[in-house]
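Engineer: If you scroll down you'll find the structure; I have some questions about it.
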Amino acid sequence: MFIDHIRIYAKAGDGGNGAVSFRREKYVPRGGPDGGDGGKGGDVVLIVDPSTDNLRQFHYDPKLIAKRGANGAGVRKTGKGGPVVIAKVPPGTVVYRSSATTVQEAVEFERGDEGIDLDPVADLVEYGQQFVLCRGGKGGLGNSNFATPTHRVPTESTPGEEGEFGVYYLELRRIADAGLVGFPNAGKSTLLGKLSHAQPKVAAYPFTTLQPSVGVVEFGGFRRCTVADIPGLIEGAHDNRGLGHEFLRHITRCRVLLFVVDIAGSEGRDPISDLQILRTEISEYDEELARFPWIIIANKMDLEGAAENLKNLEQRFPKVRVIPISAELEEGLDALKLFLDDEVGYRV
């Protein structure tokens with residue numbers, strides 16, 4: 001089960017209460033106040049970990065709750081701090097703070113006409129990067145802190161502060177240098193498998209790709225790039241038709257978009273019309289995304305009718321680079337790799 005966006009409730013630990021205590025020891029009359037401070041509540045921390053690739057773990061337990069700090073004690077003993085709760089997230093996780101304070105309130109906002117306000121607070125992309133989602137409350141002060149020359153027997157103490165809490169939204173945006181965009185059965189998964197060591201599912205029916213796949217493409221001279229295969233788009237994807245709309249967020253981090261078209265029209269579709277629909281869907285989803293650099297990958301050049309359709313495509317889009325390939329026969333992939341190396345390749 002691939003989950004790339006989810007709502008969670010997080011609550012840091014409250015601080016422990018300060019203690020009211022007086023020193024009681026033989027031969028020490030009027031020992032004075034010695035109440036210790038309360039311990040700090042535990043924090044809730046997100047950490048980027050390469051061992052996880054989606055947000056599935058939060059589906060089973062969408063709560064992150066830290067323990068409170070221990071109360072202070074006599075002899076100026078400070079209470080033990082609450083343990084930190086650490087949750088692992090994959091690189092590319094965006095964290096939003098919700099205006100709701102409870103999950104029930106968040107659901108009511110979401111179902112309402114005005115929706116819910118979300119404030120982006122973190123973008124976690126680097127391995128090992130940490131973000132304190134909720135900070136634990138400070139411990140209260142014991143009565144030993146209130147002693148003065150004129151107030152020598154204080155009975156005052158303060159309670160621990162409440163830990164931060166709230167409803168948060170986590171959204172995963174896969175990190176890749178280039179993104180493959182196309183209709184179902186255009187050959188994106190086959191292409192990714194030929195370019196990299198990724199092994200996405202390939203079959204002779206639509207929507208075989210049910211989740212984004214990322215492959216590493218190796219070049220010479222210790223250079224490489226990453227390419228993401230997004231599940232096939234269909235017309236109306238921006239209005240939640242098909243599967244592609246669920247995963248368009250994953251190409252918002254790409255530096256170049258590769259529009260893969262079935263240039264032979266083997267599925268009974270016109271490649272020019274397909275490309276126009278894809279461009280429209282991208283624009284409807286995000287106008288900024290539509291301005292990303294892009295090229296056309298004319299796949300299935302080994303099939304009948306491909307050459308004529310390629311000529312028509314190049315005439316229709318004269319200013320856009322077109323790379324003809326046959327992913328199945330691994331023809332034309334050298335030109336594509338050269339382009340990727342020049343545009344998004346980096347040395348490791």
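Scheme for the structure tokens: letters A, B, ... for chains in order shown; per-chain residue numbers from 1; ligand numbers from 1 in order shown.
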When DSSP works through the backbone of this structure, what residues of range 153-188 of chain A end up as strand (DSSP E or B), shown as a list in words?
Structural biologist: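 After running DSSP on the backbone, range 153-188 of chain A has strand (DSSP E or B) at Phe165, Gly166, Val167, Tyr168, Tyr169, Leu170, Glu171, Leu172, Ala178, Gly179, Leu180, Val181 and Gly182 of chain A.
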Engineer: Write the residues of the preceding selection, restricted to N, CA, C and O atoms, as a PDB file, in the first residue's frame.
Structural biologist:
ATOM      1  N   PHE A 165       0.706  20.923  20.450  1.00  0.00           N
ATOM      2  CA  PHE A 165      -0.100  19.861  19.854  1.00  0.00           C
ATOM      3  C   PHE A 165      -0.833  20.427  18.643  1.00  0.00           C
ATOM      4  O   PHE A 165      -0.923  21.646  18.455  1.00  0.00           O
ATOM      5  N   GLY A 166      -1.361  19.547  17.826  1.00  0.00           N
ATOM      6  CA  GLY A 166      -2.127  19.991  16.673  1.00  0.00           C
ATOM      7  C   GLY A 166      -2.274  18.896  15.644  1.00  0.00           C
ATOM      8  O   GLY A 166      -1.758  17.781  15.791  1.00  0.00           O
ATOM      9  N   VAL A 167      -3.010  19.236  14.595  1.00  0.00           N
ATOM     10  CA  VAL A 167      -3.223  18.331  13.468  1.00  0.00           C
ATOM     11  C   VAL A 167      -2.307  18.782  12.332  1.00  0.00           C
ATOM     12  O   VAL A 167      -2.270  19.968  11.988  1.00  0.00           O
ATOM     13  N   TYR A 168      -1.574  17.846  11.777  1.00  0.00           N
ATOM     14  CA  TYR A 168      -0.614  18.143  10.719  1.00  0.00           C
ATOM     15  C   TYR A 168      -0.909  17.269   9.492  1.00  0.00           C
ATOM     16  O   TYR A 168      -1.437  16.160   9.617  1.00  0.00           O
ATOM     17  N   TYR A 169      -0.544  17.796   8.337  1.00  0.00           N
ATOM     18  CA  TYR A 169      -0.663  17.035   7.095  1.00  0.00           C
ATOM     19  C   TYR A 169       0.736  16.778   6.550  1.00  0.00           C
ATOM     20  O   TYR A 169       1.552  17.694   6.456  1.00  0.00           O
ATOM     21  N   LEU A 170       0.992  15.535   6.217  1.00  0.00           N
ATOM     22  CA  LEU A 170       2.260  15.157   5.614  1.00  0.00           C
ATOM     23  C   LEU A 170       2.003  14.803   4.154  1.00  0.00           C
ATOM     24  O   LEU A 170       1.099  14.024   3.847  1.00  0.00           O
ATOM     25  N   GLU A 171       2.793  15.370   3.269  1.00  0.00           N
ATOM     26  CA  GLU A 171       2.647  15.104   1.837  1.00  0.00           C
ATOM     27  C   GLU A 171       4.011  14.727   1.263  1.00  0.00           C
ATOM     28  O   GLU A 171       4.992  15.452   1.452  1.00  0.00           O
ATOM     29  N   LEU A 172       4.058  13.586   0.620  1.00  0.00           N
ATOM     30  CA  LEU A 172       5.308  13.124   0.015  1.00  0.00           C
ATOM     31  C   LEU A 172       5.376  13.574  -1.437  1.00  0.00           C
ATOM     32  O   LEU A 172       4.441  13.353  -2.210  1.00  0.00           O
ATOM     33  N   ALA A 178      14.195  14.132 -13.336  1.00  0.00           N
ATOM     34  CA  ALA A 178      13.344  14.156 -14.527  1.00  0.00           C
ATOM     35  C   ALA A 178      12.105  13.309 -14.268  1.00  0.00           C
ATOM     36  O   ALA A 178      12.163  12.317 -13.547  1.00  0.00           O
ATOM     37  N   GLY A 179      10.986  13.708 -14.860  1.00  0.00           N
ATOM     38  CA  GLY A 179       9.743  12.978 -14.667  1.00  0.00           C
ATOM     39  C   GLY A 179       9.151  12.522 -15.981  1.00  0.00           C
ATOM     40  O   GLY A 179       9.081  13.297 -16.945  1.00  0.00           O
ATOM     41  N   LEU A 180       8.744  11.256 -16.045  1.00  0.00           N
ATOM     42  CA  LEU A 180       8.101  10.704 -17.237  1.00  0.00           C
ATOM     43  C   LEU A 180       6.597  10.904 -17.124  1.00  0.00           C
ATOM     44  O   LEU A 180       5.964  10.448 -16.167  1.00  0.00           O
ATOM     45  N   VAL A 181       6.021  11.586 -18.106  1.00  0.00           N
ATOM     46  CA  VAL A 181       4.594  11.872 -18.117  1.00  0.00           C
ATOM     47  C   VAL A 181       4.007  11.318 -19.405  1.00  0.00           C
ATOM     48  O   VAL A 181       4.579  11.500 -20.485  1.00  0.00           O
ATOM     49  N   GLY A 182       2.864  10.644 -19.316  1.00  0.00           N
ATOM     50  CA  GLY A 182       2.264  10.104 -20.528  1.00  0.00           C
ATOM     51  C   GLY A 182       0.973   9.371 -20.239  1.00  0.00           C
ATOM     52  O   GLY A 182       0.599   9.153 -19.084  1.00  0.00           O
TER      53      GLY A 182
END
Engineer: Residues of range 94-199 of chain A that have any atom at most 6 Å from an atom of range 26-47 of chain A: could you tabulate them with the shortest-distance atom pair and the distance in Å to one decimal, using only C-alpha atoms, ordered by chain and increasing number, as CSV?
Structural biologist:
residue,atom,partner,partner_atom,distance
A:Gln129,CA,A:Ile47,CA,5.7
A:Gln130,CA,A:Ile47,CA,4.4
A:Phe131,CA,A:Leu46,CA,5.2
A:Val132,CA,A:Val45,CA,4.4
A:Leu133,CA,A:Val45,CA,5.5
A:Cys134,CA,A:Val44,CA,5.1
A:Arg135,CA,A:Asp43,CA,4.7
A:Gly136,CA,A:Gly41,CA,4.2
A:Gly137,CA,A:Gly41,CA,5.1
A:Lys138,CA,A:Lys40,CA,4.7
A:Gly139,CA,A:Gly38,CA,4.2
A:Gly140,CA,A:Gly38,CA,5.0
A:Leu141,CA,A:Asp37,CA,4.6
A:Gly142,CA,A:Gly35,CA,4.6
A:Asn143,CA,A:Gly35,CA,5.1
A:Ser144,CA,A:Asp34,CA,4.9
Engineer: Just write the chosen residues, N, CA, C and O atoms, as a CSV table (one decimal), in the first residue's frame.
Structural biologist:
chain,number,residue,atom,x,y,z
A,129,GLN,N,18.0,14.8,8.0
A,129,GLN,CA,17.4,16.0,8.4
A,129,GLN,C,16.3,15.8,9.5
A,129,GLN,O,15.5,14.9,9.4
A,130,GLN,N,16.3,16.7,10.5
A,130,GLN,CA,15.4,16.6,11.6
A,130,GLN,C,14.5,17.8,11.7
A,130,GLN,O,15.0,18.9,11.4
A,131,PHE,N,13.3,17.6,12.1
A,131,PHE,CA,12.4,18.7,12.3
A,131,PHE,C,11.5,18.5,13.6
A,131,PHE,O,10.9,17.4,13.7
A,132,VAL,N,11.6,19.4,14.5
A,132,VAL,CA,10.8,19.3,15.7
A,132,VAL,C,9.3,19.7,15.4
A,132,VAL,O,9.0,20.9,15.3
A,133,LEU,N,8.5,18.7,15.3
A,133,LEU,CA,7.1,19.0,15.0
A,133,LEU,C,6.3,19.6,16.1
A,133,LEU,O,5.6,20.6,15.9
A,134,CYS,N,6.5,19.1,17.3
A,134,CYS,CA,5.9,19.7,18.5
A,134,CYS,C,7.0,19.7,19.6
A,134,CYS,O,7.6,18.7,19.9
A,135,ARG,N,7.1,20.8,20.3
A,135,ARG,CA,8.1,20.9,21.4
A,135,ARG,C,7.4,20.7,22.8
A,135,ARG,O,6.3,21.1,23.0
A,136,GLY,N,8.1,19.9,23.6
A,136,GLY,CA,7.6,19.6,24.9
A,136,GLY,C,7.6,20.8,25.8
A,136,GLY,O,8.4,21.8,25.6
A,137,GLY,N,6.6,20.8,26.7
A,137,GLY,CA,6.5,22.0,27.6
A,137,GLY,C,7.7,22.0,28.7
A,137,GLY,O,8.2,21.0,29.0
A,138,LYS,N,8.0,23.2,29.1
A,138,LYS,CA,9.0,23.4,30.1
A,138,LYS,C,8.5,22.9,31.5
A,138,LYS,O,7.3,23.0,31.8
A,139,GLY,N,9.4,22.4,32.3
A,139,GLY,CA,9.1,22.0,33.6
A,139,GLY,C,8.7,23.2,34.5
A,139,GLY,O,9.3,24.3,34.3
A,140,GLY,N,7.9,23.0,35.5
A,140,GLY,CA,7.5,24.0,36.4
A,140,GLY,C,8.7,24.3,37.4
A,140,GLY,O,9.5,23.4,37.6
A,141,LEU,N,8.6,25.4,38.1
A,141,LEU,CA,9.6,25.7,39.1
A,141,LEU,C,9.3,25.3,40.5
A,141,LEU,O,8.1,25.4,40.9
A,142,GLY,N,10.2,24.7,41.2
A,142,GLY,CA,10.0,24.3,42.6
A,142,GLY,C,10.1,25.5,43.5
A,142,GLY,O,10.6,26.6,43.1
A,143,ASN,N,9.7,25.3,44.7
A,143,ASN,CA,9.6,26.4,45.6
A,143,ASN,C,11.0,26.9,46.0
A,143,ASN,O,11.1,28.1,46.5
A,144,SER,N,12.1,26.2,45.7
A,144,SER,CA,13.4,26.7,46.0
A,144,SER,C,13.8,27.9,45.2
A,144,SER,O,14.7,28.7,45.6
Engineer: At a cut-off of 8 Å, using only C-alpha atoms, what residues contact Ile272 in chain A? Leave out same-chain residues fewer than 4 positions from it and give the result as a ChimeraX atom specification.
Structural biologist: /A:276,313,316
Engineer: Expressed in Å to a single decimal, how great is the separation between CA of Glu308 in chain A and CA of Arg279 in chain A?
Structural biologist: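 These two atoms are separated by 22.1 Å.
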Engineer: Which of these, A:His5, A:Lys300, A:Arg291, A:Arg23, has the shortest distance to Ser266 in chain A once you count only C-alpha atoms?
Structural biologist: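 Of A:His5, A:Lys300, A:Arg291, A:Arg23, the one nearest Ser266 in chain A is A:Lys300, counting only C-alpha atoms.
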Engineer: Neighbouring residues of Arg224 in chain A were defined as those with any atom within 7 Å, considering only C-alpha atoms; residues of the same chain fewer than 4 positions away were excluded. Please report them as a count of residues only.
Structural biologist: 7
Engineer: Nearest to Gly81 in chain A: which of A:Glu328, A:Val103, A:Arg56, A:Gly15 is it, counting only C-alpha atoms?
Structural biologist: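 Result for the nearest residue to Gly81 in chain A: A:Gly15.
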Engineer: Tell me, in Å to one decimal, how far CA of Val20 in chain A is from CA of Glu156 in chain A.
Structural biologist: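 About the pair CA of Val20 in chain A and CA of Glu156 in chain A: they are 7.0 Å apart.
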Engineer: Give me, as a list of chain:residue names, all polymer residues having an atom no more than 12 Å from Arg269 in chain A, counting only C-alpha atoms and skipping those fewer than 6 positions away in the same chain.
Structural biologist: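 The residues satisfying every condition are A:Phe183, A:Pro184, A:Asn185, A:Ala186, A:Ile234, A:Val261, A:Asp262, A:Ile263, A:Leu275, A:Ile277, A:Asn309.
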Engineer: Write a file of the selected residues as a PDB file, in the first residue's frame, keeping N, CA, C and O atoms.
Structural biologist:
ATOM      1  N   PHE A 183       0.283   9.005 -21.313  1.00  0.00           N
ATOM      2  CA  PHE A 183      -0.939   8.223 -21.192  1.00  0.00           C
ATOM      3  C   PHE A 183      -0.607   6.794 -20.755  1.00  0.00           C
ATOM      4  O   PHE A 183       0.539   6.341 -20.889  1.00  0.00           O
ATOM      5  N   PRO A 184      -1.610   6.068 -20.238  1.00  0.00           N
ATOM      6  CA  PRO A 184      -1.374   4.651 -19.940  1.00  0.00           C
ATOM      7  C   PRO A 184      -0.905   3.897 -21.184  1.00  0.00           C
ATOM      8  O   PRO A 184      -1.354   4.174 -22.296  1.00  0.00           O
ATOM      9  N   ASN A 185       0.000   2.977 -21.002  1.00  0.00           N
ATOM     10  CA  ASN A 185       0.551   2.137 -22.075  1.00  0.00           C
ATOM     11  C   ASN A 185       1.383   2.901 -23.099  1.00  0.00           C
ATOM     12  O   ASN A 185       1.590   2.418 -24.215  1.00  0.00           O
ATOM     13  N   ALA A 186       1.864   4.084 -22.711  1.00  0.00           N
ATOM     14  CA  ALA A 186       2.751   4.816 -23.625  1.00  0.00           C
ATOM     15  C   ALA A 186       4.165   4.244 -23.589  1.00  0.00           C
ATOM     16  O   ALA A 186       4.972   4.548 -24.463  1.00  0.00           O
ATOM     17  N   ILE A 234      -4.885  10.587 -17.840  1.00  0.00           N
ATOM     18  CA  ILE A 234      -5.927  10.541 -18.857  1.00  0.00           C
ATOM     19  C   ILE A 234      -6.581  11.912 -18.890  1.00  0.00           C
ATOM     20  O   ILE A 234      -6.352  12.749 -18.014  1.00  0.00           O
ATOM     21  N   VAL A 261       5.063   9.722 -25.619  1.00  0.00           N
ATOM     22  CA  VAL A 261       3.877   9.478 -26.438  1.00  0.00           C
ATOM     23  C   VAL A 261       4.066   8.213 -27.267  1.00  0.00           C
ATOM     24  O   VAL A 261       5.188   7.862 -27.665  1.00  0.00           O
ATOM     25  N   ASP A 262       2.967   7.526 -27.497  1.00  0.00           N
ATOM     26  CA  ASP A 262       2.948   6.362 -28.383  1.00  0.00           C
ATOM     27  C   ASP A 262       2.885   6.904 -29.809  1.00  0.00           C
ATOM     28  O   ASP A 262       1.818   7.177 -30.342  1.00  0.00           O
ATOM     29  N   ILE A 263       4.055   7.092 -30.422  1.00  0.00           N
ATOM     30  CA  ILE A 263       4.113   7.759 -31.715  1.00  0.00           C
ATOM     31  C   ILE A 263       3.459   6.944 -32.825  1.00  0.00           C
ATOM     32  O   ILE A 263       3.028   7.495 -33.845  1.00  0.00           O
ATOM     33  N   LEU A 275      -0.488  14.528 -26.747  1.00  0.00           N
ATOM     34  CA  LEU A 275       0.442  15.498 -26.190  1.00  0.00           C
ATOM     35  C   LEU A 275      -0.279  16.783 -25.796  1.00  0.00           C
ATOM     36  O   LEU A 275      -0.006  17.362 -24.731  1.00  0.00           O
ATOM     37  N   ILE A 277      -3.381  17.047 -24.886  1.00  0.00           N
ATOM     38  CA  ILE A 277      -4.164  16.754 -23.674  1.00  0.00           C
ATOM     39  C   ILE A 277      -3.259  16.732 -22.448  1.00  0.00           C
ATOM     40  O   ILE A 277      -3.592  17.284 -21.391  1.00  0.00           O
ATOM     41  N   ASN A 309       3.917   9.648 -38.367  1.00  0.00           N
ATOM     42  CA  ASN A 309       3.414  10.409 -37.216  1.00  0.00           C
ATOM     43  C   ASN A 309       4.502  11.269 -36.595  1.00  0.00           C
ATOM     44  O   ASN A 309       4.223  12.371 -36.088  1.00  0.00           O
TER      45      ASN A 309
END
